[in-house]
Amino acid sequence: MLSLFIGRLVDFSQRFAPALVLLAFLMSLGLGWYVMGHFKINTDINQLISADLDWRIREAAVEKGFPQKSDLLVVVVDGDTPDAAEAAAEALTLKLRTMPERFSQVIRPDKIPFFQKNGLLFLSKDELDTTLNQMIEAEPVLGILAGDPSLRGFFGMISFMLQGVQRGETDFKQLDAPFNTIADTIEADLAGQAKPLSWQTMSSSQKSLPRDLRKFILTKPILDFTALQPGAAASNAIRTVVSELHLTPDHGVRVRLTGAIALNDEEFASVAEGTGGAAILSIVLVLIILWLALRSFRIVIPILLTLIVGLIMTTAFALLAVGSLNLISVAFAVMFIGIAVDFGIQFAVRYRDQHHREPEHAKAMKRTGQLIALPLTMAAASTSLGFFAFIPTAYRGVSELGLIAGTGMIIAYLLNITLLPALLAFFRPPAEPEPVGFKWAAPVDVFIQTNRRKILLVSLLIAVIGIGIATRVRFDFDPLNLKDPQTESVSTLLDAMKDPDFNIYTIDILRHSLKEAQVLAGTLQKLPQVDHVLTLGNFVPDDQEEKLALISDASVIFASTLTENMTQTPLKDAEILASLHKLVEELRAVPNQPPSVSRLAKAIEAVIERHDHLLLPRLQDDLVTVMQAKLEAIKLSLSAEEVSTATITEDLRRDWVTPDGQALIEVYPKGNPRNHETLVAFTHAVREVAPDATGTPISIQESAHTVTQAFIYAGIYALLTIALLSFAVLRSARDVVILMAPLILAGILTMATIVLIGLPLNFANIIAIPLLLSLGVSYAIYFVSYARAGQKNPMQSSMARAVLFSAATALVAFGSLAISSHPGTSSMGKLLTIALSYSLACSFFLLNALLE
């Protein structure tokens with residue numbers, strides 16, 4: 001009945017070809033217009049997994065309580081000196097705060113007023129004593145600059161240092177660092193480069209630590225989720241400001257972007273760039289394969305037109321059904337092309353075969369419809385069921401993909417038995433002079449027939465070994481491994497993570513009160529998998545009474561310096577140059593001049609000789625202004641007061657306590673958090689104590705669990721529904737087993753192979769599983785239907801030609817992704833290539849051996 005119905009439908013389509021083609025053309029125009037006006041991609045990755053899962057609800061609670069900590073674009077500022085990094089970070093911060101249309105938040109974590117005032121209290125007593133002594137030793141020098149905050153006062157400060165040597169209070173060895181640092185700044189200004197004076201380098205001969213040379217700016221950008229890169233506008237704004245402020249390596253500063261927004265944006269761009277070349281290669285190879293399969297543009301063009309119409313219709317359905325595509329469901333287009341081409345090739349190759357047997361076009365077309373009816377209908381139904389099986393899963397991205405791709409298969413099937421025959425009637429390809437099958441494959445048929453038992457035994461042995469290997473398949477849950485390490489955001493993040501205090505793999509826990517949070521923090525701190533735990537209570541310093549006494553003593557010594565007005569009447573250039581002449585004479589008068597003294601004298605002499613009216617203001621900025629800022633910072637730090645949880649100011653409190661009193665706990669892992677075993681053990685240990693914990697380690701592991709569970713359940717649903725459909729159509733349990741056997745073996749071999757080559761499953765390549773299921777079943781159905789029709793020598797048939805070239809188009813379409821520079825896309829291409837190759841091989845050999 002099905003064969004008769006499809007045969008009549010195909011015959012109807014070719015007889016009324018003009019009307020059908022016109023209808024398809026008008027529908028394509030209308031739906032195409034709708035698609036152009038409504039096409040949207042939602043690039044919000046937070047919507048890819050259902051928000052109703054328990055772990056997503058806990059994650060959302062933390063984000064709601066502390067919105068300032070999520071969706072951040074992090075600016076990393078590195079300087080040649082600590083002061084250069086500080087000056088650049090401060091200038092950039094101030095500028096970005098004037099751009100509310102781009103950023104809802106711009107914060108310097110190290111410049112929170114609470115820490116600027118009370119930072120000294122967080123030093124150990126020994127560190128505080130050392131720091132205060134250094135400040136006290138510098139007080140006489142700083143006092144001069146405080147009284148005369150000009151270049152005259154600054155160079156007077158150098159004269160005071162020289163007098164200290166004469167009085168025996170210091171020596172030139174101790175002055176080497178400050179003199180060389182001052183000379184560095186003057187020489188840079190003479191060369192037209194800005195290199196602000198580094199107080200830390202000047203006051204210490206020790207090399208600056210990497211963390212001293214780095215500053216962070218946390219921005220919360222205004223995102224546009226309708227764009228491929230939601231944070232692109234904010235990132236571009238930062239880069240524009242960086243350029244305007246000359247915050248570049250030739251000015252001693254390097255600015256880079258990282259954080260969740262930059263990571264996601266650059267990944268989207270990397271995927272698009274990586275798939276661009278693959279797409280071009282894929283299109284060229286698919287066209288070549290279509291030509292080799294069909295040998296006539298009069299057939300190739302109708303298939304391509306049918307494909308285009310189907311893609312427009314499926315896209316329109318997608319937008320009507322789900323509103324906007326997501327980063328996973330957008331892949332329906334690739335899947336539609338890869339599988340819909342299979343339907344077209346199957347119909348067209350069978351048509352060529354029948355046209356060889358029956359020269360009259362109409363009869364050949366009707367007979368093609370009758371012969372292709374059962375296998376094509378079963379293949380389309382099985383493929384659709386395979387995709388529809390993903391709809392009930394919690395992995396929303398794949399759930400929507402399943403709905404769209406499954407419906408797309410139905411659309412492709414209907415078009416290939418209506419529009420394609422109509423288009424072939426228009427193009428009227430000539431009859432085939434030769435049989436369409438593979439004559440050269442006769443020895444392959446003989447080999448399978450005579451060695452069928454050996455093939456089955458070898459397949460069974462391979463399956464047993466493969467199962468043992470496949471059980472060791474690993475899921476790589478770390479999203480960082482899917483990203484291109486060469487991109488700025490990833491390389492910057494990995495660089496920042498070299499500092500053990502910079503850790504993105506922390507667990508977050510909410511408690512109803514700070515007291516409850518501190519009790520739980522004490523319990524968590526005892527776990528061997530935990531490095532340390534933070535709550536608001538950790539920001540109450542120890543030994544405050546003793547430390548405040550030391551700070552008070554220092555502030556008394558600094559009293560006169562810190563109470564100076566630090567304003568001045570602008571000096572004339574002549575007054576400044578006079579002070580320079582005087583200083584050069586003092587420097588040149590030093591007996592047995594040390595290199596640092598000679599170098600500084602030479603630099604100042606160059607300033608005098610240049611006598612550039614623009615040079616002196618630059619020196620004022622780079623030598624004096626930075627020192628004034630340092631004096632202000634010292635003044636603020638010496639005003640520290642006793643701290644308690646009640647007195648912690650809102651600028652810090654808001655990062656740890658919500659307005660309704662809920663307290664945050666941050667738990668840091670011990671060991672390398674990027675190690676799978678370490679992170680799993682850490683997560684398990686913390687959740688044993690606090691089951692409601694959330695945070696990055698839990699999110700990525702729960703995401704992996706949700707994704708794998710979705711594919712496992714969907715795979716089971718798909719296999720069951722396809723098996724039931726096959727039984728309903730074939731009416732034979734044996735034929736159903738034969739149909740599913742090559743698919744199962746291909747799956748085992750695929751999993752075993754990726755274990756052997758070290759290719760783990762991940763969030764990107766796991767999408768190969770539904771494709772393996774859909775295409776694998778399709779290939780098997782064609783062979784089973786051929787055998788049930790009583791036909792022999794399948795490898796020589798036109799059906800085998802159609803399957804081979806259909807598989808070839810899928811292999812080049814999906815396998816070309818393996819050349820992508822993006823690790824996730826590349827791994828997807830590799831897995832698809834492996835899976836489809838095994839599926840084809842199992843269908844050609846194991847399936848035919850079973851049928852024999």
# chains A, B, ... in the order shown; residues from 1 in each chain; ligands from 1
>>> residues_around(residues="stretch 781-789 of chain A", least_positions_apart="2", cutoff="8 Å", atoms="only C-alpha atoms", output="ChimeraX atom specification")
/A:374-376,378-379,735,739,777-779,791-792,794,799-800,803,843,847-848,851
>>> write_last_selection(atoms="all heavy atoms", output="short mmCIF file (atom, residue, chain, number, x, y, z; two decimals), in the first residue's frame")
data_model
loop_
_atom_site.label_atom_id
_atom_site.label_comp_id
_atom_site.auth_asym_id
_atom_site.auth_seq_id
_atom_site.Cartn_x
_atom_site.Cartn_y
_atom_site.Cartn_z
N LEU A 374 9.34 2.30 0.72
CA LEU A 374 9.54 1.70 2.03
C LEU A 374 10.87 2.12 2.67
O LEU A 374 10.86 2.63 3.80
CB LEU A 374 9.46 0.18 1.93
CG LEU A 374 9.68 -0.55 3.26
CD1 LEU A 374 8.58 -0.19 4.25
CD2 LEU A 374 9.72 -2.07 3.04
N PRO A 375 12.01 1.95 1.97
CA PRO A 375 13.27 2.32 2.64
C PRO A 375 13.38 3.82 2.96
O PRO A 375 13.86 4.19 4.03
CB PRO A 375 14.35 1.89 1.64
CG PRO A 375 13.66 1.79 0.33
CD PRO A 375 12.26 1.36 0.64
N LEU A 376 12.91 4.67 2.05
CA LEU A 376 13.03 6.11 2.29
C LEU A 376 12.09 6.54 3.43
O LEU A 376 12.47 7.37 4.27
CB LEU A 376 12.70 6.89 1.02
CG LEU A 376 13.07 8.38 1.06
CD1 LEU A 376 14.57 8.55 1.22
CD2 LEU A 376 12.59 9.10 -0.20
N MET A 378 11.00 4.61 5.91
CA MET A 378 11.56 4.11 7.17
C MET A 378 12.78 4.91 7.61
O MET A 378 12.95 5.21 8.79
CB MET A 378 11.94 2.64 7.02
CG MET A 378 10.77 1.68 7.11
SD MET A 378 11.32 -0.02 7.28
CE MET A 378 12.13 0.04 8.87
N ALA A 379 13.64 5.27 6.65
CA ALA A 379 14.83 6.05 6.99
C ALA A 379 14.44 7.42 7.54
O ALA A 379 14.99 7.88 8.55
CB ALA A 379 15.71 6.22 5.75
N ASP A 735 14.54 -9.48 11.64
CA ASP A 735 14.97 -8.38 10.78
C ASP A 735 15.29 -7.12 11.59
O ASP A 735 16.17 -6.34 11.23
CB ASP A 735 13.90 -8.07 9.74
CG ASP A 735 13.87 -9.11 8.62
OD1 ASP A 735 14.75 -10.00 8.63
OD2 ASP A 735 12.97 -9.04 7.77
N LEU A 739 18.77 -5.27 11.65
CA LEU A 739 18.82 -3.83 11.36
C LEU A 739 19.65 -3.07 12.40
O LEU A 739 20.42 -2.16 12.06
CB LEU A 739 17.39 -3.28 11.33
CG LEU A 739 17.22 -1.80 10.98
CD1 LEU A 739 17.53 -1.55 9.52
CD2 LEU A 739 15.80 -1.35 11.30
N VAL A 777 21.15 4.06 11.09
CA VAL A 777 19.88 3.36 10.86
C VAL A 777 19.46 3.49 9.39
O VAL A 777 18.98 2.52 8.78
CB VAL A 777 18.78 3.92 11.79
CG1 VAL A 777 17.41 3.41 11.37
CG2 VAL A 777 19.06 3.51 13.22
N SER A 778 19.66 4.67 8.82
CA SER A 778 19.27 4.88 7.42
C SER A 778 20.02 3.93 6.50
O SER A 778 19.42 3.27 5.63
CB SER A 778 19.55 6.32 7.01
OG SER A 778 18.79 7.22 7.76
N TYR A 779 21.33 3.84 6.67
CA TYR A 779 22.12 2.95 5.81
C TYR A 779 21.62 1.51 5.93
O TYR A 779 21.47 0.79 4.93
CB TYR A 779 23.60 3.00 6.20
CG TYR A 779 24.23 4.37 6.09
CD1 TYR A 779 25.33 4.71 6.86
CD2 TYR A 779 23.71 5.34 5.22
CE1 TYR A 779 25.91 5.97 6.77
CE2 TYR A 779 24.29 6.59 5.13
CZ TYR A 779 25.39 6.90 5.91
OH TYR A 779 25.97 8.14 5.83
N GLN A 791 16.14 -9.24 -3.69
CA GLN A 791 17.22 -8.91 -4.62
C GLN A 791 18.57 -9.42 -4.08
O GLN A 791 18.79 -9.46 -2.87
CB GLN A 791 17.28 -7.40 -4.85
CG GLN A 791 16.01 -6.88 -5.54
CD GLN A 791 15.97 -5.37 -5.61
OE1 GLN A 791 15.91 -4.71 -4.59
NE2 GLN A 791 16.02 -4.83 -6.82
N LYS A 792 19.45 -9.79 -4.99
CA LYS A 792 20.74 -10.35 -4.63
C LYS A 792 21.87 -9.38 -4.99
O LYS A 792 21.67 -8.38 -5.66
CB LYS A 792 20.96 -11.68 -5.37
CG LYS A 792 19.91 -12.75 -5.05
CD LYS A 792 20.00 -13.18 -3.59
CE LYS A 792 19.01 -14.31 -3.29
NZ LYS A 792 19.07 -14.73 -1.87
N PRO A 794 23.91 -7.19 -3.28
CA PRO A 794 23.64 -5.79 -2.91
C PRO A 794 24.79 -4.84 -3.20
O PRO A 794 24.55 -3.67 -3.51
CB PRO A 794 23.37 -5.88 -1.40
CG PRO A 794 24.05 -7.13 -0.96
CD PRO A 794 23.92 -8.08 -2.10
N MET A 799 21.47 0.74 -5.17
CA MET A 799 21.24 1.08 -3.77
C MET A 799 22.57 1.26 -3.03
O MET A 799 22.76 2.22 -2.27
CB MET A 799 20.41 -0.02 -3.09
CG MET A 799 20.14 0.18 -1.61
SD MET A 799 21.46 -0.52 -0.57
CE MET A 799 21.46 -2.22 -1.09
N ALA A 800 23.53 0.34 -3.26
CA ALA A 800 24.84 0.45 -2.62
C ALA A 800 25.56 1.71 -3.10
O ALA A 800 26.25 2.38 -2.31
CB ALA A 800 25.68 -0.79 -2.92
N VAL A 803 24.05 4.56 -1.17
CA VAL A 803 24.51 4.58 0.22
C VAL A 803 25.95 5.06 0.31
O VAL A 803 26.30 5.88 1.16
CB VAL A 803 24.36 3.18 0.85
CG1 VAL A 803 25.05 3.14 2.22
CG2 VAL A 803 22.89 2.83 1.02
N SER A 843 27.58 -1.46 7.97
CA SER A 843 26.43 -1.68 7.10
C SER A 843 26.82 -2.49 5.87
O SER A 843 26.08 -3.38 5.43
CB SER A 843 25.83 -0.34 6.66
OG SER A 843 25.31 0.36 7.77
N LEU A 847 26.25 -6.17 8.16
CA LEU A 847 24.83 -6.26 7.84
C LEU A 847 24.59 -7.23 6.69
O LEU A 847 23.68 -8.07 6.75
CB LEU A 847 24.29 -4.87 7.49
CG LEU A 847 22.81 -4.80 7.10
CD1 LEU A 847 21.93 -5.35 8.23
CD2 LEU A 847 22.40 -3.38 6.78
N ASN A 848 25.39 -7.15 5.64
CA ASN A 848 25.20 -8.05 4.50
C ASN A 848 25.53 -9.49 4.86
O ASN A 848 24.91 -10.43 4.34
CB ASN A 848 26.04 -7.58 3.31
CG ASN A 848 25.39 -6.39 2.61
OD1 ASN A 848 24.18 -6.36 2.41
ND2 ASN A 848 26.20 -5.41 2.25
N LEU A 851 22.47 -10.66 6.64
CA LEU A 851 21.38 -10.88 5.68
C LEU A 851 21.60 -12.17 4.88
O LEU A 851 20.64 -12.88 4.56
CB LEU A 851 21.27 -9.68 4.73
CG LEU A 851 20.74 -8.39 5.37
CD1 LEU A 851 20.89 -7.21 4.42
CD2 LEU A 851 19.28 -8.55 5.77
#
>>> residues_around(residues="stretch 395-397 of chain A", least_positions_apart="4", cutoff="10 Å", atoms="only C-alpha atoms", output="list in words")
Ile45, Gln47, Leu48, Ile49, Ser50, Ala51, Leu325, Asn326, Leu327, Ile328, Ser329, Val330, Phe390, Ile391, Leu401, Gly402, Ser703, Thr706, Val707, Thr708, Gln709, Ala710 and Phe711 of chain A
>>> closest_residue(among="A:Leu263, A:Ala681, A:Leu811, A:Leu623", to="A:Val341", atoms="only C-alpha atoms")
A:Leu811
>>> residues_around(residues="A:Thr226", least_positions_apart="3", cutoff="12 Å", atoms="only C-alpha atoms", output="MDAnalysis selection string")
chainID A and resid 38:44 223 229:232 324:327
>>> write_last_selection(atoms="N, CA and C atoms", output="PDB file, in the first residue's frame")
ATOM      1  N   HIS A  38      12.778  37.605  10.925  1.00  0.00           N
ATOM      2  CA  HIS A  38      12.635  37.077  12.282  1.00  0.00           C
ATOM      3  C   HIS A  38      13.828  36.259  12.753  1.00  0.00           C
ATOM      4  N   PHE A  39      14.849  36.125  11.917  1.00  0.00           N
ATOM      5  CA  PHE A  39      15.974  35.271  12.292  1.00  0.00           C
ATOM      6  C   PHE A  39      16.717  35.843  13.498  1.00  0.00           C
ATOM      7  N   LYS A  40      16.850  35.030  14.539  1.00  0.00           N
ATOM      8  CA  LYS A  40      17.544  35.449  15.751  1.00  0.00           C
ATOM      9  C   LYS A  40      18.320  34.267  16.321  1.00  0.00           C
ATOM     10  N   ILE A  41      19.490  34.576  16.874  1.00  0.00           N
ATOM     11  CA  ILE A  41      20.263  33.562  17.602  1.00  0.00           C
ATOM     12  C   ILE A  41      20.470  34.084  19.015  1.00  0.00           C
ATOM     13  N   ASN A  42      20.047  33.325  19.986  1.00  0.00           N
ATOM     14  CA  ASN A  42      20.251  33.692  21.391  1.00  0.00           C
ATOM     15  C   ASN A  42      21.570  33.074  21.846  1.00  0.00           C
ATOM     16  N   THR A  43      22.568  33.919  22.063  1.00  0.00           N
ATOM     17  CA  THR A  43      23.898  33.411  22.411  1.00  0.00           C
ATOM     18  C   THR A  43      24.117  33.320  23.916  1.00  0.00           C
ATOM     19  N   ASP A  44      23.042  33.387  24.683  1.00  0.00           N
ATOM     20  CA  ASP A  44      23.153  33.255  26.140  1.00  0.00           C
ATOM     21  C   ASP A  44      23.330  31.779  26.490  1.00  0.00           C
ATOM     22  N   LEU A 223      25.134  43.528  27.752  1.00  0.00           N
ATOM     23  CA  LEU A 223      25.248  42.459  26.760  1.00  0.00           C
ATOM     24  C   LEU A 223      24.123  42.514  25.733  1.00  0.00           C
ATOM     25  N   GLN A 229      28.565  37.733  19.330  1.00  0.00           N
ATOM     26  CA  GLN A 229      29.431  38.019  20.471  1.00  0.00           C
ATOM     27  C   GLN A 229      28.726  39.067  21.345  1.00  0.00           C
ATOM     28  N   PRO A 230      28.001  38.646  22.361  1.00  0.00           N
ATOM     29  CA  PRO A 230      27.191  39.586  23.165  1.00  0.00           C
ATOM     30  C   PRO A 230      27.992  40.710  23.794  1.00  0.00           C
ATOM     31  N   GLY A 231      29.248  40.469  24.124  1.00  0.00           N
ATOM     32  CA  GLY A 231      30.047  41.499  24.785  1.00  0.00           C
ATOM     33  C   GLY A 231      30.983  42.249  23.863  1.00  0.00           C
ATOM     34  N   ALA A 232      30.805  42.085  22.558  1.00  0.00           N
ATOM     35  CA  ALA A 232      31.746  42.679  21.598  1.00  0.00           C
ATOM     36  C   ALA A 232      31.805  44.199  21.708  1.00  0.00           C
ATOM     37  N   SER A 324      13.782  31.762  18.770  1.00  0.00           N
ATOM     38  CA  SER A 324      15.157  32.081  18.380  1.00  0.00           C
ATOM     39  C   SER A 324      16.004  30.831  18.533  1.00  0.00           C
ATOM     40  N   LEU A 325      17.001  30.713  17.683  1.00  0.00           N
ATOM     41  CA  LEU A 325      17.906  29.570  17.750  1.00  0.00           C
ATOM     42  C   LEU A 325      18.910  29.786  18.872  1.00  0.00           C
ATOM     43  N   ASN A 326      19.447  28.692  19.405  1.00  0.00           N
ATOM     44  CA  ASN A 326      20.527  28.808  20.378  1.00  0.00           C
ATOM     45  C   ASN A 326      21.814  28.293  19.758  1.00  0.00           C
ATOM     46  N   LEU A 327      22.882  28.307  20.524  1.00  0.00           N
ATOM     47  CA  LEU A 327      24.193  27.970  19.970  1.00  0.00           C
ATOM     48  C   LEU A 327      24.315  26.497  19.581  1.00  0.00           C
TER      49      LEU A 327
END
>>> select_by_dssp(residues="stretch 525-741 of chain A", states="strand (DSSP E or B)", output="number ranges by chain")
A: 530-534, 657, 663-669, 694-695
>>> write_last_selection(atoms="all heavy atoms", output="mmCIF file, in the first residue's frame")
data_model
loop_
_atom_site.group_PDB
_atom_site.id
_atom_site.type_symbol
_atom_site.label_atom_id
_atom_site.label_comp_id
_atom_site.auth_asym_id
_atom_site.auth_seq_id
_atom_site.Cartn_x
_atom_site.Cartn_y
_atom_site.Cartn_z
ATOM 1 N N VAL A 530 40.357 20.751 50.911
ATOM 2 C CA VAL A 530 40.122 22.205 50.900
ATOM 3 C C VAL A 530 41.396 22.944 51.270
ATOM 4 O O VAL A 530 42.052 22.621 52.262
ATOM 5 C CB VAL A 530 38.986 22.569 51.886
ATOM 6 C CG1 VAL A 530 38.875 24.073 52.050
ATOM 7 C CG2 VAL A 530 37.665 21.987 51.400
ATOM 8 N N ASP A 531 41.744 23.955 50.470
ATOM 9 C CA ASP A 531 42.922 24.772 50.764
ATOM 10 C C ASP A 531 42.577 25.834 51.803
ATOM 11 O O ASP A 531 43.238 25.941 52.815
ATOM 12 C CB ASP A 531 43.430 25.439 49.480
ATOM 13 C CG ASP A 531 44.723 26.204 49.697
ATOM 14 O OD1 ASP A 531 45.779 25.562 49.751
ATOM 15 O OD2 ASP A 531 44.655 27.442 49.839
ATOM 16 N N HIS A 532 41.560 26.628 51.518
ATOM 17 C CA HIS A 532 41.095 27.608 52.500
ATOM 18 C C HIS A 532 39.659 28.012 52.191
ATOM 19 O O HIS A 532 39.147 27.754 51.095
ATOM 20 C CB HIS A 532 42.012 28.840 52.549
ATOM 21 C CG HIS A 532 42.052 29.634 51.279
ATOM 22 N ND1 HIS A 532 42.838 29.271 50.205
ATOM 23 C CD2 HIS A 532 41.418 30.776 50.911
ATOM 24 C CE1 HIS A 532 42.686 30.154 49.228
ATOM 25 N NE2 HIS A 532 41.831 31.074 49.630
ATOM 26 N N VAL A 533 39.030 28.625 53.167
ATOM 27 C CA VAL A 533 37.627 29.025 53.066
ATOM 28 C C VAL A 533 37.512 30.494 53.448
ATOM 29 O O VAL A 533 38.153 30.947 54.391
ATOM 30 C CB VAL A 533 36.732 28.175 54.001
ATOM 31 C CG1 VAL A 533 35.260 28.535 53.803
ATOM 32 C CG2 VAL A 533 36.952 26.690 53.770
ATOM 33 N N LEU A 534 36.697 31.229 52.705
ATOM 34 C CA LEU A 534 36.522 32.657 52.983
ATOM 35 C C LEU A 534 35.056 32.986 53.257
ATOM 36 O O LEU A 534 34.156 32.472 52.589
ATOM 37 C CB LEU A 534 36.998 33.502 51.799
ATOM 38 C CG LEU A 534 38.495 33.530 51.485
ATOM 39 C CD1 LEU A 534 38.755 34.428 50.285
ATOM 40 C CD2 LEU A 534 39.301 33.997 52.683
ATOM 41 N N VAL A 657 27.678 39.572 51.729
ATOM 42 C CA VAL A 657 26.382 39.478 52.406
ATOM 43 C C VAL A 657 25.329 40.154 51.538
ATOM 44 O O VAL A 657 25.529 41.277 51.054
ATOM 45 C CB VAL A 657 26.423 40.143 53.803
ATOM 46 C CG1 VAL A 657 25.050 40.058 54.471
ATOM 47 C CG2 VAL A 657 27.482 39.492 54.683
ATOM 48 N N ALA A 663 24.622 35.079 53.833
ATOM 49 C CA ALA A 663 26.084 35.190 53.794
ATOM 50 C C ALA A 663 26.671 34.183 52.816
ATOM 51 O O ALA A 663 26.204 33.043 52.708
ATOM 52 C CB ALA A 663 26.668 34.969 55.183
ATOM 53 N N LEU A 664 27.704 34.612 52.108
ATOM 54 C CA LEU A 664 28.367 33.778 51.106
ATOM 55 C C LEU A 664 29.622 33.136 51.702
ATOM 56 O O LEU A 664 30.370 33.769 52.437
ATOM 57 C CB LEU A 664 28.749 34.627 49.889
ATOM 58 C CG LEU A 664 29.487 33.915 48.752
ATOM 59 C CD1 LEU A 664 28.553 32.909 48.069
ATOM 60 C CD2 LEU A 664 30.012 34.931 47.727
ATOM 61 N N ILE A 665 29.828 31.862 51.324
ATOM 62 C CA ILE A 665 31.060 31.143 51.677
ATOM 63 C C ILE A 665 31.740 30.760 50.375
ATOM 64 O O ILE A 665 31.115 30.205 49.467
ATOM 65 C CB ILE A 665 30.745 29.864 52.484
ATOM 66 C CG1 ILE A 665 29.898 30.181 53.717
ATOM 67 C CG2 ILE A 665 32.036 29.156 52.886
ATOM 68 C CD1 ILE A 665 29.360 28.946 54.399
ATOM 69 N N GLU A 666 33.043 31.054 50.272
ATOM 70 C CA GLU A 666 33.828 30.627 49.114
ATOM 71 C C GLU A 666 34.840 29.592 49.575
ATOM 72 O O GLU A 666 35.607 29.833 50.512
ATOM 73 C CB GLU A 666 34.557 31.811 48.469
ATOM 74 C CG GLU A 666 33.695 32.616 47.523
ATOM 75 C CD GLU A 666 34.498 33.627 46.714
ATOM 76 O OE1 GLU A 666 35.739 33.684 46.881
ATOM 77 O OE2 GLU A 666 33.892 34.375 45.927
ATOM 78 N N VAL A 667 34.832 28.433 48.895
ATOM 79 C CA VAL A 667 35.709 27.332 49.271
ATOM 80 C C VAL A 667 36.712 27.109 48.140
ATOM 81 O O VAL A 667 36.315 26.940 46.978
ATOM 82 C CB VAL A 667 34.900 26.040 49.521
ATOM 83 C CG1 VAL A 667 35.785 24.969 50.150
ATOM 84 C CG2 VAL A 667 33.687 26.323 50.402
ATOM 85 N N TYR A 668 38.007 27.095 48.490
ATOM 86 C CA TYR A 668 39.078 26.967 47.504
ATOM 87 C C TYR A 668 39.664 25.561 47.540
ATOM 88 O O TYR A 668 39.921 25.019 48.619
ATOM 89 C CB TYR A 668 40.173 27.997 47.772
ATOM 90 C CG TYR A 668 39.783 29.411 47.432
ATOM 91 C CD1 TYR A 668 38.869 30.110 48.217
ATOM 92 C CD2 TYR A 668 40.301 30.043 46.304
ATOM 93 C CE1 TYR A 668 38.488 31.408 47.901
ATOM 94 C CE2 TYR A 668 39.922 31.348 45.984
ATOM 95 C CZ TYR A 668 39.029 32.024 46.781
ATOM 96 O OH TYR A 668 38.653 33.299 46.464
ATOM 97 N N PRO A 669 39.904 24.956 46.363
ATOM 98 C CA PRO A 669 40.416 23.578 46.334
ATOM 99 C C PRO A 669 41.910 23.505 46.619
ATOM 100 O O PRO A 669 42.656 24.456 46.354
ATOM 101 C CB PRO A 669 40.122 23.142 44.902
ATOM 102 C CG PRO A 669 40.180 24.411 44.110
ATOM 103 C CD PRO A 669 39.652 25.491 45.017
ATOM 104 N N THR A 694 27.190 25.252 45.370
ATOM 105 C CA THR A 694 27.192 25.511 43.932
ATOM 106 C C THR A 694 28.542 26.121 43.567
ATOM 107 O O THR A 694 29.476 26.069 44.350
ATOM 108 C CB THR A 694 26.011 26.425 43.545
ATOM 109 O OG1 THR A 694 25.993 26.588 42.125
ATOM 110 C CG2 THR A 694 26.115 27.792 44.198
ATOM 111 N N GLY A 695 28.653 26.691 42.376
ATOM 112 C CA GLY A 695 29.931 27.246 41.945
ATOM 113 C C GLY A 695 30.461 26.528 40.716
ATOM 114 O O GLY A 695 29.908 25.509 40.268
#
>>> atom_distance(atom1="atom CA of A:Arg8", atom2="atom CA of A:Gly369")
7.8 Å
>>> atom_distance(atom1="atom CA of A:Ala810", atom2="atom CA of A:Arg367")
27.0 Å
>>> atom_distance(atom1="atom CA of A:Glu137", atom2="atom CA of A:Asp212")
21.8 Å
>>> closest_residue(among="A:Ala441, A:Leu619, A:Leu9, A:Leu548", to="A:Ser639", atoms="only C-alpha atoms")
A:Leu548
>>> residues_around(residues="A:Glu586", least_positions_apart="2", cutoff="10 Å", atoms="only C-alpha atoms", output="PyMOL selection string")
chain A and resi 158-159+162-163+580-584+588-590+601
>>> write_last_selection(atoms="C-alpha atoms", output="short mmCIF file (atom, residue, chain, number, x, y, z; two decimals), in the first residue's frame")
data_model
loop_
_atom_site.label_atom_id
_atom_site.label_comp_id
_atom_site.auth_asym_id
_atom_site.auth_seq_id
_atom_site.Cartn_x
_atom_site.Cartn_y
_atom_site.Cartn_z
CA ILE A 158 67.62 64.26 45.53
CA SER A 159 69.92 66.92 46.99
CA LEU A 162 73.21 63.38 48.62
CA GLN A 163 73.52 65.28 51.89
CA LEU A 580 68.46 71.44 37.82
CA HIS A 581 71.78 73.29 37.31
CA LYS A 582 72.34 73.28 41.05
CA LEU A 583 71.62 69.53 41.31
CA VAL A 584 73.94 68.68 38.41
CA ARG A 588 79.23 66.03 39.48
CA ALA A 589 80.97 67.02 42.71
CA VAL A 590 80.57 63.49 44.13
CA ALA A 601 73.61 63.64 36.16
#
>>> residues_around(residues="A:Phe845", least_positions_apart="2", cutoff="9 Å", atoms="only C-alpha atoms", output="list in words")
Ile448, Arg452, Ile455, Pro742, Leu840, Ala841, Cys842, Ser843, Leu847, Asn848, Ala849 and Leu850 of chain A
>>> residues_around(residues="A:Ile748", least_positions_apart="3", cutoff="6 Å", atoms="only C-alpha atoms", output="list in words")
Gly466, Leu745 and Met751 of chain A
>>> write_last_selection(atoms="N, CA and C atoms", output="tab-separated table (two decimals), in the first residue's frame")
chain	number	residue	atom	x	y	z
A	466	GLY	N	35.97	-4.54	21.98
A	466	GLY	CA	35.62	-3.13	21.94
A	466	GLY	C	34.86	-2.68	23.17
A	745	LEU	N	27.33	-2.21	16.77
A	745	LEU	CA	28.76	-2.46	16.61
A	745	LEU	C	29.50	-1.17	16.25
A	751	MET	N	33.34	4.27	20.31
A	751	MET	CA	33.77	4.55	21.68
A	751	MET	C	35.15	3.96	21.97
